[in-house]
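Engineer: Following this message is one structure expressed as structure tokens.
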Amino acid sequence: MNDKIWLSSPHMGENEFNFVKEAFDTNWIAPLGPNVDGFEKDLATYLGEGVHVAALSSGTAALHLALIMLGVQAGDEVICQTMTFSASANPIAYQGATPVFVDSEEQTWNMSPKYLEAAILDRIENGKKPKAIIVVHLYGMPAQMDRIMEIADKYEIPVVEDAAEALGSSYKGQKLGTFGAMSILSFNGNKIITTSGGGALVSKNEEWIKKSRFLATQARDAAPHYQHSHIGYNYRMSNISAGIGRGQMEVLPQRVEKRRSNFTFYKKAFSGMEAIKFADEPNADYSSNRWLSTVLIEANGGVTREDIRLHLEKDNIETRPLWKPMHLQPVFANSPFYGDGTSERLFDLGLCLPSGSNLSDEDLKRVAAQMTAVLEGTSV
Ligand SMILES: *Cc1c(COP(=O)(O)O)cnc(C)c1O
């Protein structure tokens with residue numbers, strides 16, 4: 001059996017272990033400490049725009065706190081991009097609110113501004129103005145932020161950016177994760193940088209970040225005993241994980257560069273193939289970290305996305321269909337949806353290719369050769 005080629009596996013740099021060792025040596029083995037503070041500072045400096053950051057146990061926890069900060073309550077409605085990972089939508093349900101799903105547009109595969117506005121108008125007509133808009137930068141590609149922010153401002157609805165996949169991407173030179181009223185990042189094991197598991201909440205509003213840290217540590221009031229006047233959560237990042245994060249921040253620019261070069265490799269390798277389509281950056285305003293390289297397999301001599309996926313699996317190469325839209329998920333069957341089927345089509349045709357920053361040239365060539373073999377019908 002050939003060696004396994006993963007979709008996106010962790011890639012440690014030089015210094016992660018030193019930060020973790022320092023935590024051991026100083027006995028900061030807790031969900032607080034110098035690495036947590038240092039990691040928050042590193043992230044805020046990298047993102048710029050005067051943002052503040054709270055390091056948390058996951059991106060999902062960050063999104064939950066973002067909705068709490070924006071006052072989302074039981075019975076409310078929250079607009080969410082349909083084409084995404086379930087973690088974008090689950091925190092809406094944690095609050096007892098209802099997700100309202102909005103379709104993708106063809107260019108970036110992210111939230112369609114047209115259907116966003118249609119959804120807002122229809123929900124208002126139904127008697128409820130949505131409390132927030134969750135826009136996702138899928139696979140690192142920036143959503144059409146100018147138009148989305150313009151619509152959000154027009155109806156005065158705060159935007160939460162789900163930038164879990166988009167650390168290192170930018171729009172018009174501004175880092176993703178700095179556009180929304182609040183934004184979230186993820187450092188899960190498969191993301192562009194990882195802390196093994198973890199996330200962050202980002203905002204220019206320092207009060208929200210302070211309050212989030214408070215809620216994330218069980219909402220302890222200032223008192224010598226345990227005193228509580230709010231419902232709290234155990235959502236803080238551990239000082240061990242944050243140590244890994246500090247090391248990963250030192251190599252983030254290299255990780256972005258390598259992921260982008262994976263995409264360039266695939267694009268070149270399949271340049272002569274009609275059946276394979278790529279999502280290009282629409283223009284120079286868009287810069288994707290290319291967290292995952294993705295392709296659409298247009299019907300070509302009957303070779304489908306699944307044919308390719310299964311063939312690669314036999315050669316021990318991991319690929320995966322694009323995110324299945326939330327409005328097609330049984331768990332969200334009763335939620336409203338606005339769109340024209342674009343995300344459904346992308347899901348039917350789309351495949352995520354091995355994209356790790358630790359892939360060798362040989363790995364990439366093996367993936368391309370196997371895909372070419374299926375598409376040209378020369379595989380055995
Ligand atoms: C990974 C991911 C999340 C959740 O992050 P966790 O840290 O795993 O909780 C949320 N949204 C998107 C789009 C993601 O890819």
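Here, A, B, ... name the chains of the structure tokens in the order displayed, residue numbers run from 1 inside each chain, and ligands are numbered from 1 in the same displayed order.
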Could you give me, as a tab-separated table, every chain A residue with an atom at most 6 Å from ligand 1, plus its closest atom pair and distance in Å to one decimal, counting only C-alpha atoms and all ligand atoms, rows ordered by chain then number?
Structural biologist:
```
residue	atom	partner	partner_atom_place_in_ligand_line	distance
A:Ser58	CA	ligand 1	7 (O)	3.8
A:Gly59	CA	ligand 1	7 (O)	3.5
A:Thr60	CA	ligand 1	9 (O)	3.7
A:Thr84	CA	ligand 1	13 (C)	5.4
A:Phe85	CA	ligand 1	13 (C)	5.0
A:Ala87	CA	ligand 1	10 (C)	4.6
A:Ser88	CA	ligand 1	11 (N)	4.7
A:Asp162	CA	ligand 1	11 (N)	5.8
A:Ala164	CA	ligand 1	14 (C)	4.8
A:Glu165	CA	ligand 1	15 (O)	5.2
A:Ser186	CA	ligand 1	7 (O)	4.1
A:Phe187	CA	ligand 1	7 (O)	5.6
A:Asn188	CA	ligand 1	7 (O)	4.8
A:Gly198	CA	ligand 1	7 (O)	5.2
A:Gly199	CA	ligand 1	7 (O)	5.0
```
Engineer: Pick out the residues sitting within 7 Å of Gly177 in chain A, and hand them over as a VMD selection string; count only C-alpha atoms, and ignore anything fewer than 4 positions along from it in its own chain.
Structural biologist: chain A and resid 161 163 183 to 184 202
Engineer: Create the file for the chosen residues now, containing C-alpha atoms and written as a short mmCIF file (atom, residue, chain, number, x, y, z; two decimals), in the first residue's frame.
Structural biologist:
```
data_model
loop_
_atom_site.label_atom_id
_atom_site.label_comp_id
_atom_site.auth_asym_id
_atom_site.auth_seq_id
_atom_site.Cartn_x
_atom_site.Cartn_y
_atom_site.Cartn_z
CA GLU A 161 -17.53 36.39 10.08
CA ALA A 163 -13.16 32.86 9.29
CA SER A 183 -15.38 37.10 13.88
CA ILE A 184 -14.25 33.61 14.73
CA VAL A 202 -12.14 38.54 17.34
#
```
Engineer: Which residues are close to range 238-245 of chain A, i.e. within 12 Å by only C-alpha atoms, leaving aside same-chain residues fewer than 4 positions away? Reply as an MDAnalysis selection string.
Structural biologist: chainID A and resid 10:43 54:58 186:189 191:200 216:217 234 249:252
Engineer: Report the residues of range 275-350 of chain A whose backbone DSSP state falls under helix (DSSP H, G or I), written as an NGL selection string.
Structural biologist: :A and (305-314 or 326-328 or 330-332 or 342-349)
Engineer: Next, dump the selected residues to file, keeping only C-alpha atoms, as a CSV table (one decimal), in the first residue's frame.
Structural biologist:
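Output file selection-v5.csv follows:
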```csv
chain,number,residue,atom,x,y,z
A,305,ARG,CA,-16.8,13.4,-8.6
A,306,GLU,CA,-17.5,10.1,-6.8
A,307,ASP,CA,-15.6,8.0,-9.4
A,308,ILE,CA,-12.5,10.2,-8.7
A,309,ARG,CA,-12.9,10.1,-5.0
A,310,LEU,CA,-13.3,6.4,-4.8
A,311,HIS,CA,-10.4,5.8,-7.2
A,312,LEU,CA,-8.1,8.0,-5.1
A,313,GLU,CA,-9.2,6.3,-1.9
A,314,LYS,CA,-8.0,2.9,-3.3
A,326,MET,CA,-27.2,23.0,5.7
A,327,HIS,CA,-30.7,23.4,4.2
A,328,LEU,CA,-30.2,19.8,2.9
A,330,PRO,CA,-32.0,16.4,8.1
A,331,VAL,CA,-31.3,18.3,11.3
A,332,PHE,CA,-32.2,21.7,9.7
A,342,THR,CA,-26.2,27.0,-6.6
A,343,SER,CA,-24.8,25.4,-3.4
A,344,GLU,CA,-26.5,22.1,-4.2
A,345,ARG,CA,-24.8,22.0,-7.6
A,346,LEU,CA,-21.4,22.8,-6.1
A,347,PHE,CA,-22.0,20.0,-3.6
A,348,ASP,CA,-22.8,17.6,-6.4
A,349,LEU,CA,-19.7,18.4,-8.5
```
Engineer: With only C-alpha atoms as the atoms that count, which of A:Asn289, A:Asn110, A:Thr264, A:Gln254 lies nearest to Met145 in chain A?
Structural biologist: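 Going through A:Asn289, A:Asn110, A:Thr264, A:Gln254 one by one, the smallest distance to Met145 in chain A is for A:Asn110.
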Engineer: Go through A:Ser355, A:Ser288, A:Ser9, A:Gln73 one by one, measure the shortest atom-to-atom distance of each to Lys172 in chain A using only C-alpha atoms, and give the residue with the smallest value.
Structural biologist: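 Distance minimum relative to Lys172 in chain A lands on A:Ser288.
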Engineer: Could you list, as a short mmCIF file (atom, residue, chain, number, x, y, z; two decimals) with N, CA, C and O atoms, in the first residue's frame, every residue within 12 Å of Glu150 in chain A, counting only C-alpha atoms and ignoring same-chain residues fewer than 4 positions away?
Structural biologist:
```cif
data_model
loop_
_atom_site.label_atom_id
_atom_site.label_comp_id
_atom_site.auth_asym_id
_atom_site.auth_seq_id
_atom_site.Cartn_x
_atom_site.Cartn_y
_atom_site.Cartn_z
N PRO A 113 -25.06 37.82 -2.07
CA PRO A 113 -25.63 39.08 -1.61
C PRO A 113 -27.10 39.23 -2.04
O PRO A 113 -27.92 39.74 -1.27
N LYS A 114 -27.41 38.75 -3.24
CA LYS A 114 -28.78 38.86 -3.76
C LYS A 114 -29.77 38.12 -2.86
O LYS A 114 -30.79 38.66 -2.45
N LEU A 116 -29.18 37.11 0.18
CA LEU A 116 -29.12 37.67 1.53
C LEU A 116 -30.17 38.76 1.68
O LEU A 116 -30.96 38.76 2.62
N GLU A 117 -30.20 39.68 0.70
CA GLU A 117 -31.17 40.77 0.80
C GLU A 117 -32.60 40.25 0.68
O GLU A 117 -33.50 40.69 1.41
N GLN A 144 -17.99 38.04 -0.85
CA GLN A 144 -18.09 39.37 -1.48
C GLN A 144 -18.38 40.41 -0.39
O GLN A 144 -19.51 40.87 -0.23
N MET A 145 -17.33 40.76 0.36
CA MET A 145 -17.53 41.51 1.60
C MET A 145 -18.11 42.92 1.41
O MET A 145 -18.89 43.38 2.23
N ASP A 146 -17.73 43.61 0.34
CA ASP A 146 -18.28 44.96 0.13
C ASP A 146 -19.80 44.92 0.06
O ASP A 146 -20.49 45.67 0.75
N LYS A 154 -27.23 48.54 5.64
CA LYS A 154 -28.51 49.11 5.21
C LYS A 154 -29.65 48.69 6.14
O LYS A 154 -30.50 49.49 6.48
N TYR A 155 -29.64 47.42 6.56
CA TYR A 155 -30.72 46.93 7.44
C TYR A 155 -30.29 46.89 8.90
O TYR A 155 -31.02 46.39 9.76
N GLU A 156 -29.09 47.40 9.16
CA GLU A 156 -28.56 47.47 10.53
C GLU A 156 -28.61 46.12 11.25
O GLU A 156 -29.17 45.98 12.33
N ILE A 157 -28.01 45.12 10.59
CA ILE A 157 -27.89 43.79 11.18
C ILE A 157 -26.39 43.47 11.30
O ILE A 157 -25.67 43.57 10.32
N PRO A 158 -25.93 43.10 12.51
CA PRO A 158 -24.49 42.83 12.66
C PRO A 158 -24.05 41.57 11.92
O PRO A 158 -24.80 40.59 11.84
N VAL A 159 -22.81 41.62 11.41
CA VAL A 159 -22.23 40.49 10.69
C VAL A 159 -21.26 39.76 11.60
O VAL A 159 -20.44 40.37 12.29
N PHE A 179 -13.63 42.19 9.49
CA PHE A 179 -14.73 42.93 8.87
C PHE A 179 -15.99 42.93 9.74
O PHE A 179 -16.71 43.92 9.81
N GLY A 180 -16.26 41.79 10.35
CA GLY A 180 -17.52 41.64 11.08
C GLY A 180 -17.52 42.39 12.40
O GLY A 180 -16.47 42.78 12.92
#
```
Engineer: Quick one: of A:Ser261, A:Cys352, A:Asn2, A:Met273, who's nearest to Val295 in chain A, counting only C-alpha atoms?
Structural biologist: A:Cys352
Engineer: Kindly indicate which residue among A:Pro282, A:Gly96, A:Gly232, A:Pro325 lies nearest to Tyr171 in chain A, using only C-alpha atoms for the distances.
Structural biologist: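 Closest to Tyr171 in chain A, using only C-alpha atoms: A:Pro282.
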Engineer: So that I can see what lies close to Leu364 in chain A, please list as a VMD selection string the residues with an atom at most 12 Å from it, counting only C-alpha atoms and leaving out residues fewer than 5 positions away in the same chain.
Structural biologist: chain A and resid 5 to 7 259 261 to 269 293 317 353 to 359 369 to 371
Engineer: Could you work out how far CA of Gly341 in chain A lies from CA of Ile148 in chain A, giving the answer in Å with one decimal?
Structural biologist: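 Between these atoms lies a distance of 19.5 Å.
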Engineer: Could you pull out all residues of range 231-326 of chain A with a DSSP call of strand (DSSP E) and give them as a list in words?
Structural biologist: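 Across range 231-326 of chain A, those assigned strand (DSSP E) are Ile276, Lys277, Phe278, Tyr286, Ser287, Ser293, Thr294, Val295, Leu296, Ile297, Arg320 and Pro321 of chain A.
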Engineer: Looking at A:Ala166, A:Ile79, A:Leu375, A:Ala181, which one is nearest to Val135 in chain A, with distances taken over only C-alpha atoms?
Structural biologist: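 Ranking A:Ala166, A:Ile79, A:Leu375, A:Ala181 by distance to Val135 in chain A, first place goes to A:Ile79.
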Engineer: What does the distance between CA of Gly377 in chain A and CA of Ser8 in chain A come to in Å, to one decimal place?
Structural biologist: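 It comes out at 27.5 Å.
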